[in-house]
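K.L.:
I am sharing start35.csv, which consists of CSV, C-alpha atoms:
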chain,number,residue,atom,x,y,z
A,101,MET,CA,63.2,-62.6,7.6
A,102,ALA,CA,60.6,-61.3,9.9
A,103,LEU,CA,62.9,-58.5,10.9
A,104,THR,CA,63.3,-57.5,7.3
A,105,HIS,CA,59.5,-57.3,6.8
A,106,PHE,CA,59.1,-55.2,9.9
A,107,VAL,CA,61.7,-52.7,8.7
A,108,TRP,CA,60.0,-52.4,5.3
A,109,LEU,CA,56.7,-51.9,7.1
A,110,LEU,CA,58.1,-49.0,9.2
A,111,ALA,CA,59.6,-47.5,6.1
A,112,GLY,CA,56.3,-47.6,4.3
A,113,PHE,CA,54.5,-45.9,7.2
A,114,GLY,CA,57.2,-43.2,7.3
A,115,ALA,CA,57.1,-42.5,3.6
A,116,GLY,CA,53.3,-42.4,3.7
A,117,SER,CA,53.4,-39.8,6.6
A,118,LEU,CA,56.0,-37.7,4.7
A,119,LEU,CA,54.0,-37.8,1.5
A,120,GLY,CA,50.7,-37.0,3.3
A,121,GLY,CA,52.3,-34.1,5.1
A,122,TRP,CA,53.7,-32.7,1.9
A,123,LEU,CA,50.4,-33.1,0.0
A,124,GLY,CA,48.5,-31.6,2.9
A,125,GLY,CA,50.7,-28.6,3.0
A,126,ARG,CA,50.5,-28.0,-0.7
A,127,LEU,CA,46.7,-28.5,-0.9
A,128,GLY,CA,46.2,-26.4,2.3
A,129,GLY,CA,48.2,-23.5,0.8
A,130,ARG,CA,46.3,-23.6,-2.4
A,131,LEU,CA,43.0,-23.7,-0.6
A,132,GLY,CA,44.1,-20.9,1.7
A,133,GLN,CA,45.2,-18.8,-1.3
A,134,ARG,CA,41.8,-19.4,-2.9
A,135,ARG,CA,40.0,-18.3,0.3
A,136,ARG,CA,42.1,-15.1,0.3
A,137,ASP,CA,41.8,-14.4,-3.4
A,138,PRO,CA,38.4,-15.8,-4.6
A,139,GLU,CA,38.0,-16.2,-8.3
A,140,PRO,CA,35.2,-14.1,-9.8
A,141,ALA,CA,32.0,-16.0,-10.2
A,142,THR,CA,31.1,-16.9,-13.8
A,143,ASN,CA,27.4,-17.4,-13.2
A,144,HIS,CA,25.6,-14.3,-11.9
A,145,ALA,CA,21.9,-14.2,-10.9
A,146,PRO,CA,20.0,-11.9,-13.2
A,147,GLY,CA,19.3,-8.5,-11.6
A,148,PRO,CA,16.0,-6.6,-11.8
A,149,PRO,CA,15.2,-5.3,-15.3
A,150,ALA,CA,16.0,-1.6,-15.9
A,151,THR,CA,12.9,0.5,-15.9
A,152,ALA,CA,12.3,3.1,-18.7
A,153,PRO,CA,12.2,6.7,-17.5
A,154,VAL,CA,8.7,8.0,-16.9
A,155,ASP,CA,7.4,10.7,-19.2
A,156,PRO,CA,6.5,13.6,-16.9
A,157,GLN,CA,3.4,14.5,-19.0
A,158,ARG,CA,2.1,11.0,-18.9
A,159,LEU,CA,2.6,10.9,-15.2
A,160,VAL,CA,0.8,14.2,-14.6
A,161,ALA,CA,-2.0,13.0,-16.9
A,162,SER,CA,-2.5,9.9,-14.8
A,163,ILE,CA,-2.6,11.9,-11.6
A,164,ALA,CA,-5.1,14.3,-13.2
A,165,ASP,CA,-7.4,11.4,-14.2
A,166,ASP,CA,-7.4,10.0,-10.7
A,167,LEU,CA,-8.0,13.5,-9.2
A,168,ALA,CA,-11.0,14.1,-11.5
A,169,THR,CA,-12.7,11.0,-10.2
A,170,LEU,CA,-11.8,11.8,-6.6
A,171,VAL,CA,-13.2,15.4,-6.9
A,172,SER,CA,-16.5,14.3,-8.4
A,173,GLY,CA,-17.0,11.7,-5.7
A,174,VAL,CA,-16.2,14.0,-2.9
A,175,GLU,CA,-18.4,16.8,-4.2
A,176,GLY,CA,-21.3,14.4,-4.6
A,177,ARG,CA,-21.0,13.3,-1.0
A,178,ALA,CA,-20.6,16.9,0.2
A,179,HIS,CA,-23.9,17.9,-1.5
A,180,THR,CA,-25.6,14.8,0.1
A,181,LEU,CA,-24.6,16.1,3.5
A,182,ILE,CA,-25.8,19.6,2.7
A,183,ASP,CA,-29.2,18.3,1.4
A,184,ARG,CA,-29.7,16.5,4.7
A,185,ALA,CA,-29.5,19.7,6.7
A,186,PRO,CA,-33.0,20.5,8.0
A,187,HIS,CA,-32.7,24.2,7.4
A,188,ARG,CA,-30.3,26.3,5.4
A,189,ASP,CA,-29.3,28.4,8.4
A,190,GLU,CA,-28.4,25.2,10.2
A,191,LEU,CA,-25.9,24.3,7.6
A,192,PRO,CA,-22.4,24.1,9.2
A,193,ALA,CA,-19.8,26.5,8.0
A,194,ALA,CA,-17.5,23.6,7.4
A,195,ALA,CA,-19.8,22.4,4.6
A,196,GLU,CA,-19.3,25.7,2.7
A,197,GLY,CA,-15.6,25.5,3.4
A,198,LEU,CA,-15.6,22.0,2.0
A,199,LEU,CA,-17.2,23.2,-1.3
A,200,HIS,CA,-14.6,25.9,-1.5
A,201,ALA,CA,-11.8,23.3,-1.1
A,202,ILE,CA,-13.4,21.2,-3.8
A,203,GLY,CA,-13.3,24.2,-6.1
A,204,GLN,CA,-9.6,24.5,-5.4
A,205,LEU,CA,-9.1,20.8,-6.3
A,206,ARG,CA,-11.1,21.3,-9.5
A,207,ARG,CA,-8.7,24.2,-10.4
A,208,LEU,CA,-5.7,22.0,-9.7
A,209,HIS,CA,-7.1,19.2,-11.9
A,210,ARG,CA,-7.7,21.6,-14.7
A,211,GLU,CA,-4.2,22.9,-14.4
A,212,LEU,CA,-2.7,19.4,-14.5
A,213,ALA,CA,-4.9,18.3,-17.4
A,214,VAL,CA,-4.0,21.3,-19.6
A,215,PHE,CA,-0.3,20.8,-18.7
A,216,ALA,CA,-0.4,17.1,-19.7
A,217,THR,CA,-2.5,17.3,-22.8
A,218,PRO,CA,-2.5,20.8,-24.5
A,219,PRO,CA,-5.9,21.7,-25.9
A,220,LYS,CA,-6.3,21.7,-29.6
A,221,ARG,CA,-6.5,24.9,-31.5
A,222,ALA,CA,-10.0,26.4,-30.9
A,223,GLU,CA,-11.9,28.8,-32.9
A,224,GLY,CA,-14.7,31.1,-31.7
A,225,GLY,CA,-15.4,32.8,-28.5
A,226,HIS,CA,-14.4,36.3,-27.4
A,227,ALA,CA,-14.2,38.4,-24.3
A,228,ASP,CA,-14.4,42.1,-23.2
A,229,LEU,CA,-11.3,42.5,-21.1
A,230,LEU,CA,-12.4,45.8,-19.6
A,231,ALA,CA,-15.6,44.1,-18.3
A,232,LEU,CA,-13.8,41.1,-17.0
A,233,LEU,CA,-11.0,42.8,-15.0
A,234,PRO,CA,-13.0,44.3,-12.1
A,235,ASN,CA,-14.2,40.9,-10.9
A,236,LEU,CA,-10.7,39.5,-11.7
A,237,VAL,CA,-9.1,42.0,-9.3
A,238,GLU,CA,-11.1,40.5,-6.4
A,239,ASP,CA,-10.1,36.9,-7.5
A,240,LEU,CA,-6.4,38.0,-7.6
A,241,GLN,CA,-6.6,39.4,-4.1
A,242,HIS,CA,-7.8,36.0,-2.8
A,243,LEU,CA,-4.6,34.3,-4.1
A,244,GLN,CA,-2.5,35.7,-1.2
A,245,LEU,CA,-3.4,37.5,2.0
A,246,GLY,CA,-2.4,41.2,2.0
A,247,ILE,CA,-1.8,41.6,-1.7
A,248,GLU,CA,-2.6,45.0,-3.2
A,249,VAL,CA,-3.8,45.0,-6.8
A,250,ARG,CA,-3.5,48.2,-8.8
A,251,TRP,CA,-5.4,48.4,-12.1
A,252,GLN,CA,-5.2,51.2,-14.5
A,253,PRO,CA,-8.2,50.8,-16.9
A,254,ALA,CA,-7.7,51.9,-20.5
A,255,SER,CA,-10.2,54.1,-22.1
A,256,HIS,CA,-11.0,51.6,-24.8
A,257,LEU,CA,-9.9,48.1,-25.8
A,258,PRO,CA,-11.2,45.9,-28.6
A,259,ALA,CA,-12.6,42.5,-27.7
A,260,VAL,CA,-10.0,39.7,-27.6
A,261,ALA,CA,-10.5,36.4,-29.5
A,262,VAL,CA,-10.3,34.3,-26.3
A,263,PRO,CA,-13.4,33.1,-24.4
A,264,ALA,CA,-14.0,34.9,-21.1
A,265,THR,CA,-13.6,31.7,-19.0
A,266,VAL,CA,-10.3,30.9,-20.7
A,267,LEU,CA,-9.0,34.4,-20.3
A,268,ARG,CA,-9.9,34.6,-16.6
A,269,GLU,CA,-8.2,31.2,-16.1
A,270,ALA,CA,-5.0,32.3,-17.9
A,271,LEU,CA,-4.9,35.6,-15.9
A,272,LEU,CA,-5.2,33.7,-12.6
A,273,TYR,CA,-2.5,31.3,-13.7
A,274,ALA,CA,-0.3,34.3,-14.4
A,275,GLY,CA,-1.0,35.7,-10.9
A,276,ARG,CA,0.0,32.4,-9.3
A,277,ILE,CA,3.2,32.2,-11.3
A,278,LEU,CA,4.2,35.6,-10.1
A,279,LEU,CA,3.4,34.8,-6.5
A,280,ARG,CA,5.6,31.6,-6.7
A,281,ALA,CA,8.4,33.6,-8.2
A,282,GLU,CA,8.3,36.4,-5.5
A,283,PRO,CA,6.2,35.0,-2.6
A,284,GLY,CA,7.0,38.0,-0.3
A,285,ALA,CA,6.0,40.8,-2.7
A,286,ARG,CA,2.7,42.5,-2.2
A,287,CYS,CA,2.2,45.0,-5.0
A,288,LEU,CA,0.5,43.6,-8.2
A,289,SER,CA,-0.2,46.1,-11.0
A,290,LEU,CA,-2.1,45.4,-14.2
A,291,GLU,CA,-2.0,47.4,-17.5
A,292,ALA,CA,-3.5,46.6,-20.8
A,293,GLU,CA,-2.8,48.3,-24.2
A,294,LEU,CA,-3.0,47.8,-27.9
A,295,ALA,CA,0.2,46.7,-29.6
A,296,LEU,CA,1.6,45.1,-32.7
A,297,ALA,CA,2.9,41.5,-32.8
A,298,GLY,CA,4.6,41.5,-36.2
A,299,ASP,CA,2.0,43.1,-38.4
A,300,GLN,CA,-1.0,41.9,-36.4
A,301,PRO,CA,-2.7,44.1,-33.8
A,302,VAL,CA,-3.0,42.4,-30.4
A,303,VAL,CA,-3.9,43.4,-26.8
A,304,GLN,CA,-1.1,43.0,-24.3
A,305,VAL,CA,-1.8,42.6,-20.6
A,306,ALA,CA,1.2,43.3,-18.3
A,307,MET,CA,1.1,41.9,-14.8
A,308,VAL,CA,4.0,43.1,-12.5
A,309,LEU,CA,4.5,41.8,-9.0
A,310,GLU,CA,7.0,43.8,-7.0
A,311,TRP,CA,8.1,44.7,-3.5
A,312,ASP,CA,6.7,47.8,-1.8
A,313,GLY,CA,10.0,49.4,-0.9
A,314,ALA,CA,13.0,47.2,0.0
A,315,PRO,CA,12.4,43.5,0.1
A,316,THR,CA,11.8,42.3,3.7
A,317,GLY,CA,11.8,38.5,2.9
A,318,THR,CA,14.1,36.1,1.2
A,319,PRO,CA,14.8,37.1,-2.4
A,320,GLY,CA,13.3,34.7,-4.9
A,321,ASN,CA,15.3,32.1,-6.6
A,322,LEU,CA,16.1,32.1,-10.3
A,323,GLY,CA,13.4,30.2,-12.2
A,324,LEU,CA,10.3,28.5,-10.8
A,325,ASP,CA,9.9,25.4,-8.8
A,326,ALA,CA,8.2,22.3,-10.3
A,327,ALA,CA,4.7,23.5,-9.4
A,328,GLY,CA,5.3,26.9,-10.9
A,329,GLN,CA,6.6,25.4,-14.1
A,330,ILE,CA,3.5,23.2,-14.4
A,331,THR,CA,1.3,26.4,-13.9
A,332,GLN,CA,3.4,28.3,-16.5
A,333,THR,CA,3.2,25.5,-19.1
A,334,ALA,CA,-0.6,25.1,-18.5
A,335,ALA,CA,-1.1,28.9,-19.1
A,336,VAL,CA,1.0,28.8,-22.3
A,337,ASN,CA,-0.9,25.8,-23.6
A,338,LEU,CA,-4.2,27.4,-22.8
A,339,LEU,CA,-3.5,30.6,-24.6
A,340,ALA,CA,-1.8,28.9,-27.5
A,341,ALA,CA,-5.0,27.1,-28.2
A,342,HIS,CA,-6.6,30.5,-29.0
A,343,GLY,CA,-3.7,32.1,-30.7
A,344,GLY,CA,-2.2,33.9,-27.6
A,345,ASP,CA,1.0,33.7,-25.8
A,346,LEU,CA,2.6,34.2,-22.3
A,347,LEU,CA,6.0,35.6,-21.5
A,348,VAL,CA,7.4,35.6,-17.9
A,349,THR,CA,10.5,37.5,-16.8
A,350,HIS,CA,11.9,37.5,-13.3
A,351,ARG,CA,14.4,39.7,-11.4
A,352,PRO,CA,15.0,37.8,-8.1
A,353,GLY,CA,14.4,39.9,-5.1
A,354,HIS,CA,12.9,42.8,-7.0
A,355,ALA,CA,10.0,41.9,-9.4
A,356,ALA,CA,8.4,39.3,-11.6
A,357,GLU,CA,6.4,40.1,-14.7
A,358,ALA,CA,3.9,38.2,-16.9
A,359,LEU,CA,3.0,39.5,-20.3
A,360,LEU,CA,-0.1,38.0,-22.0
A,361,VAL,CA,-0.4,38.5,-25.7
A,362,LEU,CA,-4.1,38.2,-26.9
A,363,PRO,CA,-5.3,38.3,-30.5
A,364,ILE,CA,-8.0,40.7,-31.3
A,365,HIS,CA,-11.5,39.5,-32.1
A,366,HIS,CA,-12.6,40.6,-35.6
A,367,GLN,CA,-16.3,41.0,-36.1
A,368,PRO,CA,-17.6,38.9,-39.1
A,369,SER,CA,-18.6,41.1,-42.0
A,370,LEU,CA,-22.3,41.3,-42.6
A,371,PRO,CA,-23.6,40.0,-45.9
A,372,THR,CA,-24.6,42.8,-48.3
A,373,THR,CA,-28.2,43.1,-49.2
A,374,PRO,CA,-28.8,42.0,-52.8
A,375,LEU,CA,-30.4,44.4,-55.2
A,376,ALA,CA,-34.1,44.0,-56.1
A,377,GLY,CA,-34.6,41.7,-59.0
A,378,ALA,CA,-31.1,40.1,-58.7
A,379,GLN,CA,-31.0,36.5,-59.8
A,380,HIS,CA,-29.1,34.0,-57.7
A,381,PRO,CA,-28.0,30.6,-58.9
A,382,ARG,CA,-30.2,27.9,-57.5
A,383,THR,CA,-28.3,25.5,-55.1
A,384,ALA,CA,-29.2,21.9,-55.2
A,385,VAL,CA,-30.6,20.7,-51.9
A,386,PRO,CA,-29.0,17.3,-50.9
A,387,ASP,CA,-31.4,14.5,-50.2
A,388,ALA,CA,-32.1,13.7,-46.6
A,389,ASP,CA,-30.0,10.9,-45.0
A,390,PRO,CA,-32.1,7.7,-45.3
A,391,THR,CA,-30.4,6.3,-42.2
A,392,ALA,CA,-31.5,9.3,-40.1
A,393,GLN,CA,-35.1,9.1,-41.5
A,394,GLN,CA,-35.2,5.4,-40.6
A,395,ALA,CA,-33.9,6.1,-37.1
A,396,ALA,CA,-36.4,8.9,-36.5
A,397,SER,CA,-39.3,6.7,-37.6
A,398,VAL,CA,-38.4,3.8,-35.3
A,399,PRO,CA,-40.5,4.0,-32.1
A,400,LEU,CA,-38.5,4.2,-28.8
A,401,LEU,CA,-38.2,0.9,-27.1
A,402,HIS,CA,-37.4,2.0,-23.5
A,403,PRO,CA,-40.6,2.8,-21.6
A,404,TYR,CA,-38.9,1.9,-18.4
A,405,GLY,CA,-36.2,4.6,-18.7
A,406,GLY,CA,-33.5,2.3,-17.4
A,407,VAL,CA,-29.8,3.4,-17.3
A,408,LEU,CA,-26.9,1.1,-17.1
A,409,VAL,CA,-23.9,2.5,-15.1
A,410,ILE,CA,-20.4,1.1,-15.3
A,411,GLU,CA,-18.3,3.2,-12.8
A,412,ALA,CA,-15.4,2.0,-10.7
A,413,ASP,CA,-15.6,4.7,-8.1
A,414,ALA,CA,-18.2,4.1,-5.4
A,415,ALA,CA,-18.8,7.8,-4.6
A,416,VAL,CA,-19.3,8.7,-8.3
A,417,ARG,CA,-21.7,5.7,-8.7
A,418,THR,CA,-23.7,7.0,-5.8
A,419,MET,CA,-23.8,10.5,-7.3
A,420,LEU,CA,-24.9,9.2,-10.7
A,421,ALA,CA,-27.6,7.0,-9.2
A,422,THR,CA,-29.0,9.8,-7.0
A,423,GLU,CA,-29.3,12.2,-9.9
A,424,LEU,CA,-30.8,9.6,-12.3
A,425,ARG,CA,-33.4,8.4,-9.8
A,426,ALA,CA,-34.3,12.0,-9.2
A,427,VAL,CA,-35.5,12.3,-12.8
A,428,GLY,CA,-37.4,9.1,-12.8
A,429,ARG,CA,-34.8,6.7,-14.2
A,430,ALA,CA,-34.2,3.2,-12.9
A,431,VAL,CA,-30.5,2.6,-12.3
A,432,PHE,CA,-28.7,-0.7,-12.8
A,433,VAL,CA,-25.0,-0.7,-11.7
A,434,CYS,CA,-22.8,-3.2,-13.4
A,435,ALA,CA,-19.4,-4.4,-12.3
A,436,ASP,CA,-18.0,-4.8,-15.8
A,437,SER,CA,-18.8,-4.7,-19.5
A,438,GLY,CA,-19.9,-8.4,-19.6
A,439,ALA,CA,-22.6,-7.8,-17.0
A,440,ALA,CA,-23.9,-4.8,-18.9
A,441,ALA,CA,-24.0,-6.8,-22.1
A,442,ALA,CA,-26.0,-9.6,-20.5
A,443,LEU,CA,-28.6,-7.1,-19.2
A,444,LEU,CA,-28.9,-5.4,-22.6
A,445,LEU,CA,-29.3,-8.6,-24.4
A,446,ALA,CA,-31.8,-10.1,-21.9
A,447,THR,CA,-34.1,-7.0,-21.7
A,448,PRO,CA,-33.2,-4.5,-24.5
A,449,GLU,CA,-36.5,-2.7,-24.1
A,450,ARG,CA,-35.8,-1.7,-20.6
A,451,PHE,CA,-32.7,0.6,-21.2
A,452,GLU,CA,-32.3,3.9,-22.8
A,453,ALA,CA,-28.8,4.9,-21.8
A,454,LEU,CA,-25.4,3.5,-20.9
A,455,ILE,CA,-22.9,5.4,-18.8
A,456,VAL,CA,-19.3,4.2,-18.8
A,457,ASP,CA,-16.2,5.6,-17.0
A,458,HIS,CA,-13.7,4.7,-19.7
A,459,LEU,CA,-13.9,4.2,-23.5
A,460,ASP,CA,-12.1,0.9,-23.0
A,461,ARG,CA,-15.4,-0.5,-21.6
A,462,LEU,CA,-16.9,-0.2,-25.1
A,463,THR,CA,-14.3,-2.5,-26.7
A,464,ASP,CA,-15.8,-5.6,-25.1
A,465,ALA,CA,-17.1,-7.8,-27.9
A,466,ALA,CA,-20.3,-8.8,-26.1
A,467,LEU,CA,-21.2,-5.2,-25.1
A,468,ALA,CA,-20.4,-4.0,-28.6
A,469,ALA,CA,-22.8,-6.6,-30.1
A,470,ALA,CA,-25.5,-5.6,-27.7
A,471,MET,CA,-25.1,-1.9,-28.5
A,472,ARG,CA,-25.3,-2.6,-32.3
A,473,ARG,CA,-28.5,-4.5,-31.7
A,474,LEU,CA,-30.1,-1.5,-30.0
A,475,GLY,CA,-28.6,0.9,-32.5
A,476,PRO,CA,-29.0,4.7,-32.1
A,477,GLN,CA,-31.8,4.3,-29.5
A,478,LEU,CA,-29.3,3.6,-26.8
A,479,ARG,CA,-27.6,6.8,-25.7
A,480,VAL,CA,-24.0,6.2,-24.6
A,481,CYS,CA,-22.2,8.6,-22.3
A,482,CYS,CA,-18.6,8.6,-21.2
A,483,THR,CA,-17.4,10.2,-18.0
A,484,ALA,CA,-13.6,9.9,-18.7
A,485,PRO,CA,-11.7,13.0,-17.6
A,486,TYR,CA,-10.9,15.7,-20.0
A,487,GLY,CA,-7.9,15.0,-22.3
A,488,GLY,CA,-6.8,17.0,-25.4
A,489,GLU,CA,-5.7,13.8,-27.2
A,490,ARG,CA,-8.9,11.8,-26.5
A,491,VAL,CA,-11.3,11.6,-29.4
A,492,LEU,CA,-14.8,10.2,-28.7
A,493,PRO,CA,-16.8,8.4,-31.3
A,494,HIS,CA,-19.5,10.5,-32.9
A,495,ASP,CA,-22.2,8.5,-31.2
A,496,VAL,CA,-20.8,8.8,-27.6
A,497,ARG,CA,-21.6,11.9,-25.6
A,498,SER,CA,-18.9,13.3,-23.3
A,499,MET,CA,-19.6,14.1,-19.6
A,500,PRO,CA,-16.0,14.6,-18.4
A,501,LYS,CA,-15.0,14.5,-14.8
A,502,PRO,CA,-14.7,16.4,-12.6
A,503,PHE,CA,-18.3,17.5,-12.7
A,504,SER,CA,-20.3,19.3,-10.1
A,505,ARG,CA,-23.8,18.3,-9.3
A,506,HIS,CA,-25.3,21.1,-11.4
A,507,GLU,CA,-23.0,20.3,-14.3
A,508,LEU,CA,-24.0,16.6,-14.0
A,509,ARG,CA,-27.7,17.5,-14.0
A,510,ALA,CA,-27.3,19.6,-17.2
A,511,ALA,CA,-25.3,16.9,-18.9
A,512,LEU,CA,-27.8,14.2,-18.0
A,513,ALA,CA,-30.8,16.3,-19.1
A,514,ALA,CA,-29.1,16.9,-22.5
A,515,ALA,CA,-28.2,13.2,-22.9
A,516,LEU,CA,-31.6,11.8,-21.9
A,517,ALA,CA,-33.7,14.4,-23.8
A,518,ARG,CA,-36.2,12.9,-26.2
A,519,ARG,CA,-35.0,13.0,-29.8
Would you put the structure from the file into structure tokens?
P.N.:
Amino acid sequence: MALTHFVWLLAGFGAGSLLGGWLGGRLGGRLGQRRRDPEPATNHAPGPPATAPVDPQRLVASIADDLATLVSGVEGRAHTLIDRAPHRDELPAAAEGLLHAIGQLRRLHRELAVFATPPKRAEGGHADLLALLPNLVEDLQHLQLGIEVRWQPASHLPAVAVPATVLREALLYAGRILLRAEPGARCLSLEAELALAGDQPVVQVAMVLEWDGAPTGTPGNLGLDAAGQITQTAAVNLLAAHGGDLLVTHRPGHAAEALLVLPIHHQPSLPTTPLAGAQHPRTAVPDADPTAQQAASVPLLHPYGGVLVIEADAAVRTMLATELRAVGRAVFVCADSGAAAALLLATPERFEALIVDHLDRLTDAALAAAMRRLGPQLRVCCTAPYGGERVLPHDVRSMPKPFSRHELRAALAAALARR
């Protein structure tokens, strides 16, 4: 009997070993197969959200805004260093070079701003092209060392309906476009003539940059690089605001040409002198604005001449404070709109002006309430950089960056003038 139990015990162990070996082989094979061919995961971690493409014009506008603040601050500090020189003849030449470099930065800002936000259609202003071009030739020669400018003046040209500053700017833009298209060319010729655009008389200015003989450098590429395209768009936008146009053609390795089409300035017709004894209908004179009369009769409440300044850039704050103190104003620099509102509400009779770096500052509820309390006696100025799409409220004066020290002085004088 004991032998029988012992046999069954051995059989049980043997069967268990065989079953374990079979199960181990099956499971091991399946696990190995899974290791070799893993199943795709069903739960994936969420990846980074896709970013929307950046609008080039918005990107350039943002860069132009930052550049405007930077240029104003650097120019303010440059003038501080120049003023500290004991004598003009001891002024280092590097200071003059710094001011020239700042001028180049101002030009770059203007170019980026006009590219990003085209100016609105403007009326008024005219220029005498024949009087402008002699000085322009010298400016064009400064664009590139060794360039030869040839100018054939016309006997007579009518005035063009583009302000002189805008026309000079557009002509310099055109010169830079041509130099980017053919950087090795040295002969730049200018011609101006009367022409017809449709049925309208216009003045056309042709600027041609070409090689003097066979090209010695690398022929230009078809089209313009990104910087050249920005300059061309800025020039087109600038002229379009005054009814003009710019056309650029390029023959790589040979020549590049810019054609500026400028509308003619028409002199307004003089009113005819009425005959003696002629009767004219009487025009009703509108009543004066009672709000304006009330504002004019209210005495000014700011004998201290205090000015609140909200400006993020330290260099621009210093420049504003220096110029304001020079004209006898007390300057209070605030970190944000809330601090400015607290000062206005606590001592409203102390302040006559508020200078902010962005219009968003004026949307603060507390500051808006303090401004309403003071009414039109508080002069509000905004130094936000130029932008064609920005519209300032009628009671906010614009002092757009970048401004030079002389421009800032003129703007502050106009803003703080007694009304």
K.L.:
Which one of A:Leu408, A:Leu243, A:Ala178, A:Leu230 sits closest to Asp457 (chain A) if you count all atoms listed in the file?
P.N.:
A:Leu408
K.L.:
Within 10 Å of Leu212 (chain A), counting only C-alpha atoms, which residues qualify if same-chain residues fewer than 5 places away don't, as a list in words?
P.N.:
Gln157, Val160, Ala161, Ser162, Ile163, Ala164, Asp165, Leu167, Arg206, Arg207, Thr217, Ala327, Ile330, Thr331, Thr333 and Ala334 of chain A
K.L.:
Between CA of Val336 (chain A) and CA of Leu257 (chain A), what distance in Å does the model show, to one decimal?
P.N.:
22.4 Å
K.L.:
State, in Å with one decimal place, the distance from CA of Ala453 (chain A) to CA of Leu205 (chain A).
P.N.:
29.7 Å
K.L.:
Neighbours of Leu478 (chain A) within 12 Å (all atoms listed in the file; same-chain residues fewer than 3 positions away dropped), as a PDB file with C-alpha atoms, keeping the file's coordinate frame?
P.N.:
ATOM      1  CA  ALA A 395     -33.900   6.100 -37.100  1.00  0.00           C
ATOM      2  CA  LEU A 400     -38.500   4.200 -28.800  1.00  0.00           C
ATOM      3  CA  LEU A 401     -38.200   0.900 -27.100  1.00  0.00           C
ATOM      4  CA  HIS A 402     -37.400   2.000 -23.500  1.00  0.00           C
ATOM      5  CA  GLY A 405     -36.200   4.600 -18.700  1.00  0.00           C
ATOM      6  CA  GLY A 406     -33.500   2.300 -17.400  1.00  0.00           C
ATOM      7  CA  VAL A 407     -29.800   3.400 -17.300  1.00  0.00           C
ATOM      8  CA  LEU A 408     -26.900   1.100 -17.100  1.00  0.00           C
ATOM      9  CA  LEU A 444     -28.900  -5.400 -22.600  1.00  0.00           C
ATOM     10  CA  PRO A 448     -33.200  -4.500 -24.500  1.00  0.00           C
ATOM     11  CA  GLU A 449     -36.500  -2.700 -24.100  1.00  0.00           C
ATOM     12  CA  ARG A 450     -35.800  -1.700 -20.600  1.00  0.00           C
ATOM     13  CA  PHE A 451     -32.700   0.600 -21.200  1.00  0.00           C
ATOM     14  CA  GLU A 452     -32.300   3.900 -22.800  1.00  0.00           C
ATOM     15  CA  ALA A 453     -28.800   4.900 -21.800  1.00  0.00           C
ATOM     16  CA  LEU A 454     -25.400   3.500 -20.900  1.00  0.00           C
ATOM     17  CA  ILE A 455     -22.900   5.400 -18.800  1.00  0.00           C
ATOM     18  CA  ALA A 468     -20.400  -4.000 -28.600  1.00  0.00           C
ATOM     19  CA  ALA A 470     -25.500  -5.600 -27.700  1.00  0.00           C
ATOM     20  CA  MET A 471     -25.100  -1.900 -28.500  1.00  0.00           C
ATOM     21  CA  ARG A 472     -25.300  -2.600 -32.300  1.00  0.00           C
ATOM     22  CA  ARG A 473     -28.500  -4.500 -31.700  1.00  0.00           C
ATOM     23  CA  LEU A 474     -30.100  -1.500 -30.000  1.00  0.00           C
ATOM     24  CA  GLY A 475     -28.600   0.900 -32.500  1.00  0.00           C
ATOM     25  CA  CYS A 481     -22.200   8.600 -22.300  1.00  0.00           C
ATOM     26  CA  ASP A 495     -22.200   8.500 -31.200  1.00  0.00           C
ATOM     27  CA  VAL A 496     -20.800   8.800 -27.600  1.00  0.00           C
ATOM     28  CA  ARG A 497     -21.600  11.900 -25.600  1.00  0.00           C
ATOM     29  CA  ALA A 515     -28.200  13.200 -22.900  1.00  0.00           C
ATOM     30  CA  LEU A 516     -31.600  11.800 -21.900  1.00  0.00           C
ATOM     31  CA  ARG A 518     -36.200  12.900 -26.200  1.00  0.00           C
ATOM     32  CA  ARG A 519     -35.000  13.000 -29.800  1.00  0.00           C
TER      33      ARG A 519
END
K.L.:
Applying 8 Å and all atoms listed in the file, which residues near Gly438 (chain A) remain after dropping the ones on its own chain fewer than 6 positions away? List them as a PyMOL selection string.
P.N.:
chain A and resi 464+466-467
K.L.:
Counting all atoms listed in the file, what is within 6 Å of region 296-305 of chain A, bar same-chain residues fewer than 3 positions away, as a PyMOL selection string?
P.N.:
chain A and resi 291-293+359-364
K.L.:
May I have the residues within 7 Å of Pro485 (chain A) as a list in words, using all atoms listed in the file and disregarding those fewer than 3 positions away in the same chain?
P.N.:
Asp165, Ala168, Pro500, Lys501 and Pro502 of chain A
K.L.:
Take CA of Thr447 (chain A) and CA of Val433 (chain A) and report the distance between them in Å, one decimal.
P.N.:
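Calculated distance between CA of Thr447 (chain A) and CA of Val433 (chain A) is 14.9 Å.
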K.L.:
Smallest atom-to-atom distance to Pro258 (chain A): which of A:Arg276, A:Gly176, A:His365, A:Asn235, using only C-alpha atoms?
P.N.:
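Looking at the shortest contact to Pro258 (chain A), the residue is A:His365.
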K.L.:
Between A:Gln252, A:Glu310, A:Thr418, A:Gly246, single out the one closest to Pro234 (chain A), counting only C-alpha atoms.
P.N.:
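Among A:Gln252, A:Glu310, A:Thr418, A:Gly246, it is A:Gln252 that comes nearest to Pro234 (chain A).
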K.L.:
Counting all atoms listed in the file, figure out which residue out of A:Asp183, A:Leu229, A:Ser504, A:Ala264 gets nearest to Ile202 (chain A).
P.N.:
A:Ser504
K.L.:
Which one is closest to Ala335 (chain A): A:Ala358, A:Ala484, A:Val308, A:Leu424? Count all atoms listed in the file.
P.N.:
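The shortest atom-to-atom distance to Ala335 (chain A) comes from A:Ala358.
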